Structure formats: C-alpha cells, structure tokens
Amino acid sequence: AVTEFYRKHREEFLTPETIQAAHIVKHVNEDATEEAAREGIAEAERRLAAGEDFATVADSVSDCPGRGGDLGTFGRGSMVEEFDEAVFALQPGHHSPVFRTVFGFHIARLIARHPEGIRPLNEVRGEIEQHLYEEARREEMERYVDALKEKADIRKVAAAG
C-alpha cells in the first residue's frame, strides 16, 4: 500500500532546490557606521584572499559569529533578494565577493547544493505509513458512526409547555 501510494502521489514529494550556505556579515545600523562595516568586511576579504579558512574568519570577524557563519539549509526566497542572487549563483566550496543588503556587507560561501527532486521512498515511508493509518482510522470511524445511526431509534419529542 505504501509503494502504491508513493507511485500515485509522487508529485506530493517534490522538494525545491535548497542550498547550505555560510556568511560573514558586517552590519550597518545605529551601532555601526557604513565606514566601519566596510573596514570590517575588507579585513575578512583580505584574510580569505590570504587563504584563511572561511569558518575561522566568520567566527572572528562577522557580526554573527558562531558555527563558522553556517546559516543551515534554505530555499530561494528565504533570504533577502540580494543574498539569494549572490549565493545561488555560487558553486559549492566557493565564496562571493563582497555584496550589500539592507543589513550591511556580506561575503557568502556555498557549502552544498541540493537540487530539486522527488524525495525517495525510503525517506518518506514513515510519512506515508502515518497518512495511510490515519486515513484507515478515519474510514473505520465513519463506518462505525454510520452503523450506530442505522441501529438508532431517533424520535422527535414534543417540547413541554
């Protein structure tokens, strides 16, 4: 039943392209001037050009340190447009030049790209089993209620008064 459901509903298991990326950011806001942010991102750019590890630079220079700047996995439209444009254009293992968003200056690195595709059966089997169980349970409950209705002796009682 699971395999049959999967075959008939494959389009329900389509996943969009996603990427895993990291970034170095220097904010421009009430606490940080544009000039200070430019200087900070230039330092990161110099260190990367000298061959220093992206995660190390991110953790020591970025205004969002930790996890080597890793943002996790996300799809198009999850980030601001300028960020999407810069990151989705990269190849895994490469980093972008400096770019600007409303938040400040960034350098982004593409860690991995996960193409659009149908999730494999072994990945969705549990979801399908749960769905089929719930569907069977609902159908059984409906049959039970229908059987109770058939046996019921329902009469209209006149209101007193």
# chains A, B, ... in the order shown; residues from 1 in each chain; ligands from 1
call {"tool": "residues_around", "arguments": {"residues": "region 59-65 of chain A", "least_positions_apart": "6", "cutoff": "9 Å", "atoms": "only C-alpha atoms", "output": "PyMOL selection string"}}
result
chain A and resi 23-27+40-41+43-44+106
call {"tool": "residues_around", "arguments": {"residues": "Leu48 (chain A)", "least_positions_apart": "3", "cutoff": "12 Å", "atoms": "only C-alpha atoms", "output": "ChimeraX atom specification"}}
result
/A:24,41-45,51-58,61,94-98,107-109
call {"tool": "write_last_selection", "arguments": {"atoms": "N, CA and C atoms", "output": "PDB file, in the first residue's frame"}}
result
ATOM      1  N   ILE A  24      29.676  35.863   6.238  1.00  0.00           N
ATOM      2  CA  ILE A  24      30.337  36.822   7.109  1.00  0.00           C
ATOM      3  C   ILE A  24      29.561  38.113   6.881  1.00  0.00           C
ATOM      4  N   ILE A  41      34.511  44.286   6.712  1.00  0.00           N
ATOM      5  CA  ILE A  41      34.342  43.296   5.644  1.00  0.00           C
ATOM      6  C   ILE A  41      35.601  43.239   4.781  1.00  0.00           C
ATOM      7  N   ALA A  42      36.302  44.371   4.653  1.00  0.00           N
ATOM      8  CA  ALA A  42      37.572  44.389   3.903  1.00  0.00           C
ATOM      9  C   ALA A  42      38.613  43.523   4.610  1.00  0.00           C
ATOM     10  N   GLU A  43      38.612  43.564   5.947  1.00  0.00           N
ATOM     11  CA  GLU A  43      39.527  42.702   6.709  1.00  0.00           C
ATOM     12  C   GLU A  43      39.224  41.232   6.428  1.00  0.00           C
ATOM     13  N   ALA A  44      37.944  40.885   6.449  1.00  0.00           N
ATOM     14  CA  ALA A  44      37.557  39.500   6.154  1.00  0.00           C
ATOM     15  C   ALA A  44      37.986  39.112   4.748  1.00  0.00           C
ATOM     16  N   GLU A  45      37.779  40.005   3.810  1.00  0.00           N
ATOM     17  CA  GLU A  45      38.145  39.752   2.415  1.00  0.00           C
ATOM     18  C   GLU A  45      39.655  39.515   2.281  1.00  0.00           C
ATOM     19  N   GLY A  51      44.119  33.008   2.152  1.00  0.00           N
ATOM     20  CA  GLY A  51      43.965  31.559   2.290  1.00  0.00           C
ATOM     21  C   GLY A  51      43.429  31.088   3.625  1.00  0.00           C
ATOM     22  N   GLU A  52      43.020  32.009   4.481  1.00  0.00           N
ATOM     23  CA  GLU A  52      42.488  31.606   5.786  1.00  0.00           C
ATOM     24  C   GLU A  52      41.125  30.925   5.611  1.00  0.00           C
ATOM     25  N   ASP A  53      40.844  29.985   6.473  1.00  0.00           N
ATOM     26  CA  ASP A  53      39.594  29.217   6.445  1.00  0.00           C
ATOM     27  C   ASP A  53      38.387  30.130   6.638  1.00  0.00           C
ATOM     28  N   PHE A  54      37.349  29.934   5.808  1.00  0.00           N
ATOM     29  CA  PHE A  54      36.155  30.773   5.854  1.00  0.00           C
ATOM     30  C   PHE A  54      35.511  30.751   7.240  1.00  0.00           C
ATOM     31  N   ALA A  55      35.332  29.560   7.808  1.00  0.00           N
ATOM     32  CA  ALA A  55      34.672  29.437   9.114  1.00  0.00           C
ATOM     33  C   ALA A  55      35.447  30.176  10.200  1.00  0.00           C
ATOM     34  N   THR A  56      36.764  30.120  10.148  1.00  0.00           N
ATOM     35  CA  THR A  56      37.595  30.811  11.135  1.00  0.00           C
ATOM     36  C   THR A  56      37.426  32.318  11.014  1.00  0.00           C
ATOM     37  N   VAL A  57      37.446  32.809   9.781  1.00  0.00           N
ATOM     38  CA  VAL A  57      37.262  34.249   9.549  1.00  0.00           C
ATOM     39  C   VAL A  57      35.860  34.667   9.992  1.00  0.00           C
ATOM     40  N   ALA A  58      34.863  33.866   9.659  1.00  0.00           N
ATOM     41  CA  ALA A  58      33.486  34.187  10.041  1.00  0.00           C
ATOM     42  C   ALA A  58      33.350  34.299  11.553  1.00  0.00           C
ATOM     43  N   VAL A  61      35.419  37.620  12.682  1.00  0.00           N
ATOM     44  CA  VAL A  61      35.165  38.941  12.112  1.00  0.00           C
ATOM     45  C   VAL A  61      33.674  39.271  12.029  1.00  0.00           C
ATOM     46  N   HIS A  94      32.882  27.636  -3.035  1.00  0.00           N
ATOM     47  CA  HIS A  94      33.335  28.978  -3.414  1.00  0.00           C
ATOM     48  C   HIS A  94      32.625  30.036  -2.570  1.00  0.00           C
ATOM     49  N   HIS A  95      33.279  31.204  -2.486  1.00  0.00           N
ATOM     50  CA  HIS A  95      32.638  32.315  -1.785  1.00  0.00           C
ATOM     51  C   HIS A  95      32.475  33.503  -2.725  1.00  0.00           C
ATOM     52  N   SER A  96      31.545  34.350  -2.362  1.00  0.00           N
ATOM     53  CA  SER A  96      31.197  35.505  -3.180  1.00  0.00           C
ATOM     54  C   SER A  96      32.162  36.661  -2.931  1.00  0.00           C
ATOM     55  N   PRO A  97      32.131  37.624  -3.832  1.00  0.00           N
ATOM     56  CA  PRO A  97      32.774  38.892  -3.496  1.00  0.00           C
ATOM     57  C   PRO A  97      31.887  39.603  -2.460  1.00  0.00           C
ATOM     58  N   VAL A  98      32.330  40.707  -1.958  1.00  0.00           N
ATOM     59  CA  VAL A  98      31.534  41.492  -1.005  1.00  0.00           C
ATOM     60  C   VAL A  98      30.281  41.993  -1.729  1.00  0.00           C
ATOM     61  N   ILE A 107      29.954  38.536   2.820  1.00  0.00           N
ATOM     62  CA  ILE A 107      30.659  37.600   1.950  1.00  0.00           C
ATOM     63  C   ILE A 107      29.996  36.265   2.263  1.00  0.00           C
ATOM     64  N   ALA A 108      29.531  35.571   1.239  1.00  0.00           N
ATOM     65  CA  ALA A 108      28.824  34.310   1.450  1.00  0.00           C
ATOM     66  C   ALA A 108      29.610  33.162   0.822  1.00  0.00           C
ATOM     67  N   ARG A 109      29.458  32.004   1.406  1.00  0.00           N
ATOM     68  CA  ARG A 109      30.107  30.796   0.901  1.00  0.00           C
ATOM     69  C   ARG A 109      29.046  29.728   0.719  1.00  0.00           C
TER      70      ARG A 109
END
call {"tool": "closest_atom_pairs", "arguments": {"of": "region 32-73 of chain A", "to": "region 17-21 of chain A", "cutoff": "9 Å", "atoms": "only C-alpha atoms", "output": "tab-separated table"}}
result
residue	atom	partner	partner_atom	distance
A:Gly69	CA	A:Ala21	CA	8.2
A:Asp70	CA	A:Ala21	CA	5.9
A:Leu71	CA	A:Ala21	CA	5.7
A:Gly72	CA	A:Gln20	CA	5.2
A:Thr73	CA	A:Gln20	CA	4.2
call {"tool": "atom_distance", "arguments": {"atom1": "CA of His114 (chain A)", "atom2": "CA of Phe88 (chain A)"}}
result
11.1 Å
call {"tool": "select_by_dssp", "arguments": {"residues": "region 39-123 of chain A", "states": "strand (DSSP E)", "output": "PyMOL selection string"}}
result
chain A and resi 70-75+99-101+104-114+117-118
call {"tool": "closest_residue", "arguments": {"among": "A:Val80, A:Phe103, A:Thr15, A:Arg10", "to": "Ala32 (chain A)", "atoms": "only C-alpha atoms"}}
result
A:Phe103
call {"tool": "decode", "arguments": {"residues": "region 64-88 of chain A", "atoms": "N, CA, C and O atoms", "output": "PDB file, in the first residue's frame"}}
result
ATOM      1  N   CYS A  64      27.805  38.127  13.236  1.00  0.00           N
ATOM      2  CA  CYS A  64      27.011  36.950  13.626  1.00  0.00           C
ATOM      3  C   CYS A  64      27.959  35.760  13.768  1.00  0.00           C
ATOM      4  O   CYS A  64      27.926  34.823  12.962  1.00  0.00           O
ATOM      5  N   PRO A  65      28.833  35.787  14.781  1.00  0.00           N
ATOM      6  CA  PRO A  65      29.813  34.703  14.917  1.00  0.00           C
ATOM      7  C   PRO A  65      29.163  33.418  15.432  1.00  0.00           C
ATOM      8  O   PRO A  65      28.066  33.435  15.971  1.00  0.00           O
ATOM      9  N   GLY A  66      29.882  32.332  15.249  1.00  0.00           N
ATOM     10  CA  GLY A  66      29.407  31.030  15.715  1.00  0.00           C
ATOM     11  C   GLY A  66      29.092  30.136  14.546  1.00  0.00           C
ATOM     12  O   GLY A  66      28.635  30.595  13.499  1.00  0.00           O
ATOM     13  N   ARG A  67      29.396  28.884  14.705  1.00  0.00           N
ATOM     14  CA  ARG A  67      29.126  27.863  13.680  1.00  0.00           C
ATOM     15  C   ARG A  67      29.795  28.178  12.350  1.00  0.00           C
ATOM     16  O   ARG A  67      29.339  27.751  11.301  1.00  0.00           O
ATOM     17  N   GLY A  68      30.833  28.973  12.392  1.00  0.00           N
ATOM     18  CA  GLY A  68      31.557  29.291  11.155  1.00  0.00           C
ATOM     19  C   GLY A  68      30.714  30.059  10.154  1.00  0.00           C
ATOM     20  O   GLY A  68      30.969  30.024   8.959  1.00  0.00           O
ATOM     21  N   GLY A  69      29.698  30.751  10.651  1.00  0.00           N
ATOM     22  CA  GLY A  69      28.823  31.519   9.773  1.00  0.00           C
ATOM     23  C   GLY A  69      27.758  30.685   9.098  1.00  0.00           C
ATOM     24  O   GLY A  69      26.984  31.197   8.285  1.00  0.00           O
ATOM     25  N   ASP A  70      27.687  29.390   9.423  1.00  0.00           N
ATOM     26  CA  ASP A  70      26.748  28.473   8.760  1.00  0.00           C
ATOM     27  C   ASP A  70      25.305  28.905   9.008  1.00  0.00           C
ATOM     28  O   ASP A  70      24.866  29.048  10.143  1.00  0.00           O
ATOM     29  N   LEU A  71      24.581  29.111   7.938  1.00  0.00           N
ATOM     30  CA  LEU A  71      23.174  29.514   8.003  1.00  0.00           C
ATOM     31  C   LEU A  71      22.230  28.331   7.889  1.00  0.00           C
ATOM     32  O   LEU A  71      21.015  28.506   7.927  1.00  0.00           O
ATOM     33  N   GLY A  72      22.790  27.144   7.696  1.00  0.00           N
ATOM     34  CA  GLY A  72      21.947  25.964   7.509  1.00  0.00           C
ATOM     35  C   GLY A  72      21.461  25.852   6.074  1.00  0.00           C
ATOM     36  O   GLY A  72      22.001  26.468   5.164  1.00  0.00           O
ATOM     37  N   THR A  73      20.422  25.060   5.894  1.00  0.00           N
ATOM     38  CA  THR A  73      19.877  24.793   4.567  1.00  0.00           C
ATOM     39  C   THR A  73      18.604  25.612   4.374  1.00  0.00           C
ATOM     40  O   THR A  73      17.769  25.686   5.258  1.00  0.00           O
ATOM     41  N   PHE A  74      18.480  26.209   3.196  1.00  0.00           N
ATOM     42  CA  PHE A  74      17.308  27.025   2.893  1.00  0.00           C
ATOM     43  C   PHE A  74      17.070  27.075   1.392  1.00  0.00           C
ATOM     44  O   PHE A  74      17.952  26.763   0.591  1.00  0.00           O
ATOM     45  N   GLY A  75      15.863  27.453   1.025  1.00  0.00           N
ATOM     46  CA  GLY A  75      15.483  27.564  -0.383  1.00  0.00           C
ATOM     47  C   GLY A  75      15.432  29.011  -0.824  1.00  0.00           C
ATOM     48  O   GLY A  75      15.567  29.940  -0.020  1.00  0.00           O
ATOM     49  N   ARG A  76      15.220  29.188  -2.119  1.00  0.00           N
ATOM     50  CA  ARG A  76      15.089  30.540  -2.670  1.00  0.00           C
ATOM     51  C   ARG A  76      13.934  31.255  -1.985  1.00  0.00           C
ATOM     52  O   ARG A  76      12.912  30.659  -1.691  1.00  0.00           O
ATOM     53  N   GLY A  77      14.135  32.538  -1.735  1.00  0.00           N
ATOM     54  CA  GLY A  77      13.089  33.337  -1.131  1.00  0.00           C
ATOM     55  C   GLY A  77      13.135  33.366   0.387  1.00  0.00           C
ATOM     56  O   GLY A  77      12.371  34.088   1.017  1.00  0.00           O
ATOM     57  N   SER A  78      14.013  32.582   0.982  1.00  0.00           N
ATOM     58  CA  SER A  78      14.141  32.580   2.440  1.00  0.00           C
ATOM     59  C   SER A  78      14.964  33.755   2.936  1.00  0.00           C
ATOM     60  O   SER A  78      14.826  34.169   4.083  1.00  0.00           O
ATOM     61  N   MET A  79      15.822  34.257   2.091  1.00  0.00           N
ATOM     62  CA  MET A  79      16.700  35.378   2.443  1.00  0.00           C
ATOM     63  C   MET A  79      16.320  36.575   1.574  1.00  0.00           C
ATOM     64  O   MET A  79      15.546  36.444   0.633  1.00  0.00           O
ATOM     65  N   VAL A  80      16.897  37.731   1.872  1.00  0.00           N
ATOM     66  CA  VAL A  80      16.630  38.904   1.045  1.00  0.00           C
ATOM     67  C   VAL A  80      17.147  38.657  -0.370  1.00  0.00           C
ATOM     68  O   VAL A  80      18.066  37.855  -0.585  1.00  0.00           O
ATOM     69  N   GLU A  81      16.551  39.342  -1.332  1.00  0.00           N
ATOM     70  CA  GLU A  81      16.834  39.106  -2.749  1.00  0.00           C
ATOM     71  C   GLU A  81      18.323  39.184  -3.089  1.00  0.00           C
ATOM     72  O   GLU A  81      18.851  38.324  -3.805  1.00  0.00           O
ATOM     73  N   GLU A  82      19.013  40.188  -2.578  1.00  0.00           N
ATOM     74  CA  GLU A  82      20.449  40.348  -2.896  1.00  0.00           C
ATOM     75  C   GLU A  82      21.251  39.147  -2.396  1.00  0.00           C
ATOM     76  O   GLU A  82      22.210  38.726  -3.049  1.00  0.00           O
ATOM     77  N   PHE A  83      20.861  38.629  -1.248  1.00  0.00           N
ATOM     78  CA  PHE A  83      21.570  37.475  -0.693  1.00  0.00           C
ATOM     79  C   PHE A  83      21.322  36.244  -1.573  1.00  0.00           C
ATOM     80  O   PHE A  83      22.259  35.530  -1.931  1.00  0.00           O
ATOM     81  N   ASP A  84      20.052  36.005  -1.919  1.00  0.00           N
ATOM     82  CA  ASP A  84      19.725  34.881  -2.809  1.00  0.00           C
ATOM     83  C   ASP A  84      20.511  34.964  -4.111  1.00  0.00           C
ATOM     84  O   ASP A  84      21.085  33.966  -4.560  1.00  0.00           O
ATOM     85  N   GLU A  85      20.517  36.137  -4.727  1.00  0.00           N
ATOM     86  CA  GLU A  85      21.218  36.303  -6.004  1.00  0.00           C
ATOM     87  C   GLU A  85      22.692  35.947  -5.883  1.00  0.00           C
ATOM     88  O   GLU A  85      23.245  35.267  -6.749  1.00  0.00           O
ATOM     89  N   ALA A  86      23.325  36.398  -4.828  1.00  0.00           N
ATOM     90  CA  ALA A  86      24.754  36.150  -4.648  1.00  0.00           C
ATOM     91  C   ALA A  86      25.039  34.680  -4.359  1.00  0.00           C
ATOM     92  O   ALA A  86      25.939  34.086  -4.951  1.00  0.00           O
ATOM     93  N   VAL A  87      24.277  34.077  -3.474  1.00  0.00           N
ATOM     94  CA  VAL A  87      24.586  32.727  -3.010  1.00  0.00           C
ATOM     95  C   VAL A  87      24.171  31.657  -4.007  1.00  0.00           C
ATOM     96  O   VAL A  87      24.914  30.708  -4.252  1.00  0.00           O
ATOM     97  N   PHE A  88      22.986  31.791  -4.597  1.00  0.00           N
ATOM     98  CA  PHE A  88      22.527  30.762  -5.531  1.00  0.00           C
ATOM     99  C   PHE A  88      23.362  30.745  -6.814  1.00  0.00           C
ATOM    100  O   PHE A  88      23.342  29.774  -7.553  1.00  0.00           O
TER     101      PHE A  88
END
